[in-house]
Amino acid sequence: MRPSLSFAEWEAYLDEALPPEAMAELERRLVREPRLAQELATVIALRDAGIHSLGAFWRKHRLTCLSREQLGSYLLGTLPEEWMRYIRFHLEVLECPYCRANYADLRRAQGESPAVQQTRRKRYFESSAGILRRNRTR
């Protein structure tokens with residue numbers, strides 16, 4: 001039987017920050033191994049009691065995550081090399097799920113034809129034009 005998880009690993013599980021395969025394996029183990037369910041309950045109780053580590057605060061507020069602008073600049077290759085290396089590390093080594101999702105969205109949008117981009121922009125404008133008009137008349 002594998003040893004128990006560290007507090008950081010449990011927190012990553014609770015924050016859904018583990019790779020999907022690891023999440024699925026841990027959930028299977030939770031069903032098979034009652035002591036793991038007890039450990040998880042302890043971690044949840046500590047979190048609910050307000051006992052937080054610097055690492056937990058860092059992960060919760062995603063202090064190392066990138067803005068969409070930074071990810072867009074990375075995609076275009078317009079950043080200094082040290083930033084390019086950091087973003088590559090953040091996406092490929094840390095595998096940050098939030099930044100990877102943003103990056104994938106930007107890559108998808110970059111591959112769209114100009115006609116599709118124009119249609120999307122028009123829909124955004126039309127959906128917000130009424131809201132903007134209402135706010136001006138108040």
# chains A, B, ... in the order shown; residues from 1 in each chain; ligands from 1
>>> residues_around(residues="range 106-110 of chain A", least_positions_apart="3", cutoff="8 Å", atoms="only C-alpha atoms", output="NGL selection string")
:A and (71-72 or 75 or 102-103 or 117)
>>> residues_around(residues="Val43 in chain A", least_positions_apart="5", cutoff="10 Å", atoms="only C-alpha atoms", output="list in words")
Ser6, Phe7, Ala8, Trp10, Glu11, Leu14, Ala37, Gln38, Asp48, Ala49 and Ile51 of chain A
>>> select_by_dssp(residues="range 25-93 of chain A", states="helix (DSSP H, G or I)", output="PyMOL selection string")
chain A and resi 25-32+34-48+54-60+68-76+81-93
>>> atom_distance(atom1="CA of Arg88 in chain A", atom2="CA of Glu112 in chain A")
23.3 Å
>>> atom_distance(atom1="CA of Thr78 in chain A", atom2="CA of Thr119 in chain A")
27.1 Å
